[in-house]
$ cat query20.json   # JSON, C-alpha atoms and all ligand atoms
[["chain", "number", "residue", "atom", "x", "y", "z"],
["A", 1, "MET", "CA", 10.24, -33.43, 40.84],
["A", 2, "ASN", "CA", 11.27, -29.80, 40.90],
["A", 3, "LYS", "CA", 10.48, -29.34, 44.59],
["A", 4, "LYS", "CA", 13.21, -30.64, 46.88],
["A", 5, "ILE", "CA", 12.02, -32.30, 50.03],
["A", 6, "LYS", "CA", 13.70, -34.37, 52.68],
["A", 7, "LEU", "CA", 11.30, -36.74, 54.38],
["A", 8, "SER", "CA", 11.12, -36.47, 58.16],
["A", 9, "PRO", "CA", 11.84, -39.58, 60.24],
["A", 10, "LYS", "CA", 8.08, -40.07, 60.75],
["A", 11, "GLN", "CA", 7.40, -39.79, 57.03],
["A", 12, "LYS", "CA", 10.22, -42.24, 56.26],
["A", 13, "GLN", "CA", 8.82, -44.70, 58.75],
["A", 14, "LEU", "CA", 5.40, -44.43, 57.15],
["A", 15, "VAL", "CA", 6.73, -45.04, 53.65],
["A", 16, "LYS", "CA", 8.80, -48.05, 54.60],
["A", 17, "GLN", "CA", 6.53, -49.92, 57.00],
["A", 18, "PRO", "CA", 5.03, -53.21, 55.75],
["A", 19, "PHE", "CA", 1.72, -53.20, 53.91],
["A", 20, "ASP", "CA", 0.12, -55.53, 56.41],
["A", 21, "VAL", "CA", -2.71, -53.44, 57.79],
["A", 22, "GLY", "CA", -6.05, -53.03, 56.08],
["A", 23, "LEU", "CA", -6.62, -49.38, 56.90],
["A", 24, "GLU", "CA", -3.79, -47.10, 57.91],
["A", 25, "VAL", "CA", -4.79, -43.80, 59.46],
["A", 26, "GLN", "CA", -2.50, -40.79, 59.42],
["A", 27, "GLU", "CA", -3.67, -38.39, 62.07],
["A", 28, "GLY", "CA", -1.86, -35.27, 63.19],
["A", 29, "THR", "CA", -1.80, -31.54, 63.53],
["A", 30, "PRO", "CA", -2.55, -29.39, 60.46],
["A", 31, "ARG", "CA", 0.37, -28.88, 58.04],
["A", 32, "SER", "CA", 2.49, -31.54, 59.73],
["A", 33, "GLY", "CA", 3.30, -33.41, 56.50],
["A", 34, "LYS", "CA", 0.68, -36.16, 56.67],
["A", 35, "THR", "CA", -0.46, -36.02, 53.04],
["A", 36, "THR", "CA", 3.10, -35.69, 51.74],
["A", 37, "GLY", "CA", 4.05, -38.88, 53.57],
["A", 38, "VAL", "CA", 1.05, -40.54, 51.94],
["A", 39, "HIS", "CA", 2.26, -39.50, 48.43],
["A", 40, "PHE", "CA", 5.49, -41.45, 48.83],
["A", 41, "ARG", "CA", 3.76, -44.35, 50.55],
["A", 42, "LEU", "CA", 1.34, -44.64, 47.61],
["A", 43, "ALA", "CA", 4.12, -44.33, 45.04],
["A", 44, "TYR", "CA", 5.87, -47.25, 46.74],
["A", 45, "LEU", "CA", 2.64, -49.25, 46.84],
["A", 46, "TYR", "CA", 1.85, -48.69, 43.16],
["A", 47, "THR", "CA", 5.29, -49.90, 42.10],
["A", 48, "ILE", "CA", 4.92, -53.21, 43.95],
["A", 49, "SER", "CA", 1.15, -53.84, 43.79],
["A", 50, "ARG", "CA", -0.12, -56.55, 41.45],
["A", 51, "ASP", "CA", -3.42, -54.66, 41.03],
["A", 52, "THR", "CA", -3.96, -52.32, 38.10],
["A", 53, "ASN", "CA", -6.65, -49.90, 39.32],
["A", 54, "HIS", "CA", -6.34, -47.66, 42.36],
["A", 55, "LEU", "CA", -8.29, -44.73, 43.77],
["A", 56, "VAL", "CA", -7.37, -41.52, 45.53],
["A", 57, "SER", "CA", -10.34, -39.67, 46.96],
["A", 58, "ALA", "CA", -11.13, -36.45, 48.76],
["A", 59, "TYR", "CA", -14.03, -34.04, 49.30],
["A", 60, "ASN", "CA", -14.49, -33.49, 45.56],
["A", 61, "GLN", "CA", -12.57, -34.42, 42.44],
["A", 62, "GLU", "CA", -10.69, -31.13, 42.29],
["A", 63, "GLN", "CA", -9.54, -31.66, 45.85],
["A", 64, "ALA", "CA", -8.50, -35.27, 45.10],
["A", 65, "PHE", "CA", -6.35, -33.98, 42.23],
["A", 66, "ARG", "CA", -4.94, -31.17, 44.36],
["A", 67, "LEU", "CA", -4.15, -33.35, 47.37],
["A", 68, "PHE", "CA", -2.75, -36.47, 45.71],
["A", 69, "ILE", "CA", -2.00, -36.00, 42.01],
["A", 70, "ASP", "CA", -0.40, -32.55, 42.18],
["A", 71, "GLY", "CA", 0.01, -32.65, 45.95],
["A", 72, "ASP", "CA", 1.62, -29.26, 46.32],
["A", 73, "ARG", "CA", 4.29, -30.34, 43.78],
["A", 74, "THR", "CA", 5.22, -33.56, 45.58],
["A", 75, "GLY", "CA", 2.19, -35.57, 44.46],
["A", 76, "LEU", "CA", 2.07, -38.66, 42.28],
["A", 77, "MET", "CA", 2.43, -36.88, 38.93],
["A", 78, "HIS", "CA", 5.67, -35.31, 40.15],
["A", 79, "ILE", "CA", 7.06, -38.44, 41.77],
["A", 80, "PHE", "CA", 6.53, -40.48, 38.59],
["A", 81, "GLY", "CA", 7.41, -37.63, 36.21],
["A", 82, "ASP", "CA", 7.71, -38.86, 32.62],
["A", 83, "LEU", "CA", 6.31, -42.23, 33.66],
["A", 84, "ALA", "CA", 2.91, -40.68, 34.41],
["A", 85, "LYS", "CA", 0.25, -39.09, 32.28],
["A", 86, "ILE", "CA", -3.30, -37.81, 32.91],
["A", 87, "LYS", "CA", -5.80, -39.92, 30.95],
["A", 88, "HIS", "CA", -9.52, -40.59, 30.73],
["A", 89, "ASP", "CA", -11.39, -43.83, 30.17],
["A", 90, "GLU", "CA", -14.83, -45.34, 30.86],
["A", 91, "HIS", "CA", -14.18, -45.18, 34.63],
["A", 92, "GLY", "CA", -13.11, -41.53, 34.54],
["A", 93, "ASP", "CA", -10.06, -39.31, 34.90],
["A", 94, "HIS", "CA", -6.93, -41.00, 36.14],
["A", 95, "LEU", "CA", -3.18, -40.83, 36.29],
["A", 96, "GLU", "CA", -1.66, -43.58, 34.20],
["A", 97, "ILE", "CA", 1.65, -44.74, 35.65],
["A", 98, "HIS", "CA", 4.26, -47.04, 34.16],
["A", 99, "THR", "CA", 5.77, -49.22, 36.87],
["A", 100, "PRO", "CA", 7.96, -52.35, 36.96],
["A", 101, "LYS", "CA", 4.70, -54.25, 37.63],
["A", 102, "GLY", "CA", 3.01, -52.85, 34.52],
["A", 103, "VAL", "CA", 0.70, -49.95, 33.80],
["A", 104, "LYS", "CA", -1.31, -48.71, 36.78],
["A", 105, "LYS", "CA", -4.33, -46.41, 36.75],
["A", 106, "VAL", "CA", -4.91, -44.08, 39.67],
["A", 107, "TYR", "CA", -8.43, -42.64, 39.49],
["A", 108, "TYR", "CA", -9.14, -39.47, 41.41],
["A", 109, "LYS", "CA", -12.67, -38.82, 42.63],
["A", 110, "GLY", "CA", -14.77, -36.89, 45.10],
["A", 111, "GLY", "CA", -16.43, -38.76, 47.94],
["A", 112, "ALA", "CA", -18.35, -36.30, 50.10],
["A", 113, "LYS", "CA", -21.85, -36.78, 48.76],
["A", 114, "ALA", "CA", -24.36, -39.56, 49.20],
["A", 115, "ASN", "CA", -24.35, -40.06, 45.42],
["A", 116, "SER", "CA", -20.52, -40.10, 45.15],
["A", 117, "VAL", "CA", -20.85, -43.89, 45.23],
["A", 118, "GLY", "CA", -22.18, -43.77, 41.67],
["A", 119, "ALA", "CA", -18.74, -42.88, 40.31],
["A", 120, "ILE", "CA", -17.09, -46.05, 41.66],
["A", 121, "THR", "CA", -19.72, -48.75, 41.37],
["A", 122, "GLY", "CA", -18.59, -51.50, 39.03],
["A", 123, "MET", "CA", -14.91, -50.76, 39.58],
["A", 124, "SER", "CA", -12.37, -53.22, 40.93],
["A", 125, "LEU", "CA", -9.64, -51.55, 42.95],
["A", 126, "GLY", "CA", -6.39, -52.58, 44.58],
["A", 127, "SER", "CA", -6.14, -49.68, 46.98],
["A", 128, "VAL", "CA", -7.95, -46.56, 48.11],
["A", 129, "ALA", "CA", -6.50, -43.42, 49.67],
["A", 130, "PHE", "CA", -8.96, -41.24, 51.58],
["A", 131, "GLY", "CA", -7.86, -37.61, 51.89],
["A", 132, "GLU", "CA", -9.37, -35.98, 54.96],
["A", 133, "ILE", "CA", -11.59, -38.98, 55.50],
["A", 134, "ASN", "CA", -13.66, -37.18, 58.12],
["A", 135, "LEU", "CA", -15.17, -35.10, 55.29],
["A", 136, "LEU", "CA", -16.20, -38.10, 53.18],
["A", 137, "HIS", "CA", -19.62, -39.71, 53.05],
["A", 138, "MET", "CA", -19.90, -43.01, 54.89],
["A", 139, "SER", "CA", -21.71, -44.67, 51.98],
["A", 140, "PHE", "CA", -18.75, -43.79, 49.73],
["A", 141, "ILE", "CA", -16.22, -45.13, 52.24],
["A", 142, "GLN", "CA", -18.12, -48.37, 52.63],
["A", 143, "GLU", "CA", -18.40, -48.82, 48.87],
["A", 144, "CYS", "CA", -14.63, -48.29, 48.55],
["A", 145, "PHE", "CA", -14.03, -51.20, 50.93],
["A", 146, "ARG", "CA", -16.31, -53.34, 48.76],
["A", 147, "ARG", "CA", -14.48, -52.28, 45.57],
["A", 148, "THR", "CA", -11.16, -53.63, 46.94],
["A", 149, "MET", "CA", -12.51, -56.98, 48.06],
["A", 150, "ALA", "CA", -11.07, -58.87, 45.08],
["A", 151, "ALA", "CA", -7.68, -57.11, 45.24],
["A", 152, "GLN", "CA", -4.51, -59.16, 45.20],
["A", 153, "ASP", "CA", -2.71, -56.63, 47.39],
["A", 154, "ARG", "CA", -5.54, -54.94, 49.23],
["A", 155, "TYR", "CA", -4.68, -51.67, 50.94],
["A", 156, "HIS", "CA", -6.36, -48.53, 52.32],
["A", 157, "ILE", "CA", -4.89, -45.38, 53.79],
["A", 158, "ALA", "CA", -6.60, -42.33, 55.24],
["A", 159, "ASP", "CA", -5.50, -39.01, 56.62],
["A", 160, "LEU", "CA", -7.41, -36.62, 58.77],
["A", 161, "ASN", "CA", -6.95, -33.71, 61.10],
["A", 162, "PRO", "CA", -7.99, -33.91, 64.74],
["A", 163, "PRO", "CA", -10.38, -34.77, 66.38],
["A", 164, "ALA", "CA", -9.02, -38.29, 66.25],
["A", 165, "PRO", "CA", -8.55, -41.18, 66.86],
["A", 166, "ASN", "CA", -11.77, -41.36, 68.86],
["A", 167, "HIS", "CA", -13.68, -39.53, 66.14],
["A", 168, "PRO", "CA", -17.13, -41.17, 65.81],
["A", 169, "LEU", "CA", -16.35, -41.91, 62.19],
["A", 170, "LEU", "CA", -13.24, -43.88, 63.10],
["A", 171, "LYS", "CA", -15.19, -45.80, 65.72],
["A", 172, "LYS", "CA", -17.54, -46.79, 62.96],
["A", 173, "TYR", "CA", -14.59, -48.10, 60.94],
["A", 174, "SER", "CA", -14.04, -50.70, 63.62],
["A", 175, "THR", "CA", -16.48, -52.78, 61.55],
["A", 176, "TYR", "CA", -13.94, -52.50, 58.75],
["A", 177, "LYS", "CA", -10.74, -53.52, 60.41],
["A", 178, "ILE", "CA", -9.40, -55.37, 57.44],
["A", 179, "HIS", "CA", -6.14, -57.25, 57.69],
["A", 180, "ASN", "CA", -5.21, -58.99, 54.46],
["A", 181, "GLY", "CA", -8.91, -59.47, 53.87],
["A", 182, "LEU", "CA", -9.50, -60.85, 57.37],
["A", 183, "ILE", "CA", -10.56, -59.11, 60.53],
["A", 184, "GLY", "CA", -7.50, -57.55, 62.13],
["A", 185, "PRO", "CA", -6.18, -54.46, 63.83],
["A", 186, "SER", "CA", -6.24, -51.07, 62.21],
["A", 187, "LYS", "CA", -3.24, -48.94, 62.97],
["A", 188, "ILE", "CA", -2.84, -45.34, 64.02],
["A", 189, "THR", "CA", 0.52, -43.85, 63.11],
["A", 190, "GLN", "CA", 1.90, -40.36, 63.49],
["B", 201, "LIG", "N1", 9.58, -33.48, 54.44],
["B", 201, "LIG", "C1", 9.18, -32.33, 53.90],
["B", 201, "LIG", "N2", 10.09, -31.45, 53.41],
["B", 201, "LIG", "C2", 9.70, -30.28, 52.87],
["B", 201, "LIG", "N3", 8.42, -29.86, 52.75],
["B", 201, "LIG", "C3", 7.48, -30.70, 53.23],
["B", 201, "LIG", "C4", 7.79, -31.97, 53.82],
["B", 201, "LIG", "N4", 6.64, -32.57, 54.21],
["B", 201, "LIG", "C5", 5.65, -31.73, 53.84],
["B", 201, "LIG", "N5", 6.13, -30.61, 53.27],
["B", 201, "LIG", "C6", 5.37, -29.46, 52.78],
["B", 201, "LIG", "O1", 4.66, -28.90, 53.89],
["B", 201, "LIG", "C7", 3.34, -28.52, 53.51],
["B", 201, "LIG", "C8", 2.34, -29.30, 54.38],
["B", 201, "LIG", "O2", 2.46, -30.68, 54.12],
["B", 201, "LIG", "P1", 1.20, -31.65, 53.98],
["B", 201, "LIG", "O3", 0.18, -31.05, 53.08],
["B", 201, "LIG", "O4", 1.73, -32.99, 53.66],
["B", 201, "LIG", "O5", 0.71, -31.60, 55.49],
["B", 201, "LIG", "P2", -0.67, -32.09, 56.09],
["B", 201, "LIG", "O6", -0.39, -32.53, 57.49],
["B", 201, "LIG", "O7", -1.30, -33.11, 55.19],
["B", 201, "LIG", "O8", -1.49, -30.73, 56.05],
["B", 201, "LIG", "P3", -3.07, -30.50, 56.22],
["B", 201, "LIG", "O9", -3.32, -30.51, 57.69],
["B", 201, "LIG", "O10", -3.30, -29.16, 55.60],
["B", 201, "LIG", "O11", -3.77, -31.62, 55.50],
["B", 201, "LIG", "C9", 3.22, -28.85, 52.03],
["B", 201, "LIG", "O12", 3.46, -27.68, 51.28],
["B", 201, "LIG", "C10", 4.29, -29.89, 51.80],
["B", 201, "LIG", "O13", 4.76, -29.88, 50.46],
["B", 202, "MG", "MG", -3.22, -33.12, 54.32]]
$ encode --input "query20.json" --output "structure tokens" --more "lines below"
Ligand SMILES: Nc1ncnc2c1ncn2[C@@H]1O[C@H](COP(=O)(O)OP(=O)(O)OP(=O)(O)O)[C@@H](O)[C@H]1O
Ligand SMILES: [Mg+2]
Amino acid sequence: MNKKIKLSPKQKQLVKQPFDVGLEVQEGTPRSGKTTGVHFRLAYLYTISRDTNHLVSAYNQEQAFRLFIDGDRTGLMHIFGDLAKIKHDEHGDHLEIHTPKGVKKVYYKGGAKANSVGAITGMSLGSVAFGEINLLHMSFIQECFRRTMAAQDRYHIADLNPPAPNHPLLKKYSTYKIHNGLIGPSKITQ
């Protein structure tokens, strides 16, 4: 990575905390480092996850690439460097990553439209990251939760700008408080 960054205590805490919550929500003021914390959290997850396919999503595909793959030069392609390469297969564009747990594929897709679901149906995912989840379509979010149901290490993370955490969308997620596949608490950090 050619951009030097030193994670803040909050970002460090996010990266290191256990993966024991079904949906983690990063909420905070604009430009406070939420998405950057998520980059390192995801990089950690991908290196230990037993699942091959993962998804990062945002308003549209361009935004998903910009937020997570490039990520203002701290995104996944920079963290993994020579171990990562942009590829394309029958499920779409993805970042292929070589990890100690094998090759992982991180698909990047848009999720703001009612028909965004079409791009992920039939996929089996280990994790989903939702960039600015408040801008995504509920049918897409719900389908993402279904796509991870068979995951060995099921995980979801979202970031959003205020208003939160009592945003109506988050209230709706209460139906989806997933804890290791069971009903459990969702967690608000930052
Ligand atoms: N620990 C850090 N050290 C140096 N730069 C950082 C650090 N954390 C974040 N940045 C930089 O600060 C800027 C804002 O970070 P980031 O995009 O993660 O914030 P955000 O809270 O997600 O912003 P937004 O509200 O726009 O979504 C980015 O350019 C990012 O690279
Ligand atoms: Mg952000």
$ axis_aligned_box --input "query20.json" --around "range 78-81 of chain A" --padding-each-side "3 Å" --output "JSON"
{"center_x": 6.5, "center_y": -37.9, "center_z": 39.0, "size_x": 7.7, "size_y": 11.2, "size_z": 11.6}
$ closest_residue --input "query20.json" --among "A:Leu42, A:Leu14, A:Leu76, A:Val25" --to "Glu132 in chain A" --atoms "all atoms listed in the file"
A:Val25
$ residues_around --input "query20.json" --residues "Ser49 in chain A" --least-positions-apart "4" --cutoff "12 Å" --atoms "all atoms listed in the file" --output "MDAnalysis selection string"
chainID A and resid 19 41:45 53:54 99:105 125:127 151:155
$ residues_near_ligand --input "query20.json" --ligand "ligand LIG 201 (chain B)" --cutoff "9 Å" --atoms "only C-alpha atoms and all ligand atoms" --output "PDB file with C-alpha atoms, in the frame of the given file"
ATOM      1  CA  LYS A   3      10.480 -29.340  44.590  1.00  0.00           C
ATOM      2  CA  LYS A   4      13.210 -30.640  46.880  1.00  0.00           C
ATOM      3  CA  ILE A   5      12.020 -32.300  50.030  1.00  0.00           C
ATOM      4  CA  LYS A   6      13.700 -34.370  52.680  1.00  0.00           C
ATOM      5  CA  LEU A   7      11.300 -36.740  54.380  1.00  0.00           C
ATOM      6  CA  SER A   8      11.120 -36.470  58.160  1.00  0.00           C
ATOM      7  CA  PRO A   9      11.840 -39.580  60.240  1.00  0.00           C
ATOM      8  CA  GLN A  11       7.400 -39.790  57.030  1.00  0.00           C
ATOM      9  CA  LYS A  12      10.220 -42.240  56.260  1.00  0.00           C
ATOM     10  CA  GLN A  26      -2.500 -40.790  59.420  1.00  0.00           C
ATOM     11  CA  GLU A  27      -3.670 -38.390  62.070  1.00  0.00           C
ATOM     12  CA  GLY A  28      -1.860 -35.270  63.190  1.00  0.00           C
ATOM     13  CA  THR A  29      -1.800 -31.540  63.530  1.00  0.00           C
ATOM     14  CA  PRO A  30      -2.550 -29.390  60.460  1.00  0.00           C
ATOM     15  CA  ARG A  31       0.370 -28.880  58.040  1.00  0.00           C
ATOM     16  CA  SER A  32       2.490 -31.540  59.730  1.00  0.00           C
ATOM     17  CA  GLY A  33       3.300 -33.410  56.500  1.00  0.00           C
ATOM     18  CA  LYS A  34       0.680 -36.160  56.670  1.00  0.00           C
ATOM     19  CA  THR A  35      -0.460 -36.020  53.040  1.00  0.00           C
ATOM     20  CA  THR A  36       3.100 -35.690  51.740  1.00  0.00           C
ATOM     21  CA  GLY A  37       4.050 -38.880  53.570  1.00  0.00           C
ATOM     22  CA  VAL A  38       1.050 -40.540  51.940  1.00  0.00           C
ATOM     23  CA  HIS A  39       2.260 -39.500  48.430  1.00  0.00           C
ATOM     24  CA  LEU A  67      -4.150 -33.350  47.370  1.00  0.00           C
ATOM     25  CA  GLY A  71       0.010 -32.650  45.950  1.00  0.00           C
ATOM     26  CA  ASP A  72       1.620 -29.260  46.320  1.00  0.00           C
ATOM     27  CA  ARG A  73       4.290 -30.340  43.780  1.00  0.00           C
ATOM     28  CA  THR A  74       5.220 -33.560  45.580  1.00  0.00           C
ATOM     29  CA  GLY A  75       2.190 -35.570  44.460  1.00  0.00           C
ATOM     30  CA  GLY A 131      -7.860 -37.610  51.890  1.00  0.00           C
ATOM     31  CA  GLU A 132      -9.370 -35.980  54.960  1.00  0.00           C
ATOM     32  CA  ASP A 159      -5.500 -39.010  56.620  1.00  0.00           C
ATOM     33  CA  LEU A 160      -7.410 -36.620  58.770  1.00  0.00           C
ATOM     34  CA  ASN A 161      -6.950 -33.710  61.100  1.00  0.00           C
TER      35      ASN A 161
END
$ atom_distance --input "query20.json" --atom1 "CA of Phe130 in chain A" --atom2 "CA of Ala84 in chain A"
20.9 Å
$ closest_residue --input "query20.json" --among "A:Gly118, A:Ser139, A:Tyr59, A:His91" --to "ligand MG 202 (chain B)" --atoms "only C-alpha atoms and all ligand atoms"
A:Tyr59
$ residues_near_point --input "query20.json" --point "(-1.0, -32.1, 33.4)" --cutoff "12 Å" --atoms "only C-alpha atoms" --output "number ranges by chain"
A: 65-66, 69-70, 73, 76-78, 81-82, 84-87, 93-96
$ atom_distance --input "query20.json" --atom1 "CA of Gly92 in chain A" --atom2 "CA of Ile120 in chain A"
9.3 Å
$ closest_residue --input "query20.json" --among "A:Lys10, A:Glu90, A:Ala158, A:Val21" --to "Val56 in chain A" --atoms "all atoms listed in the file"
A:Ala158
$ atom_distance --input "query20.json" --atom1 "CA of Met138 in chain A" --atom2 "CA of Ala150 in chain A"
20.6 Å
$ closest_residue --input "query20.json" --among "A:Ala64, A:Glu143, A:Ala112, A:Ile79" --to "ligand MG 202 (chain B)" --atoms "all atoms listed in the file"
A:Ala64
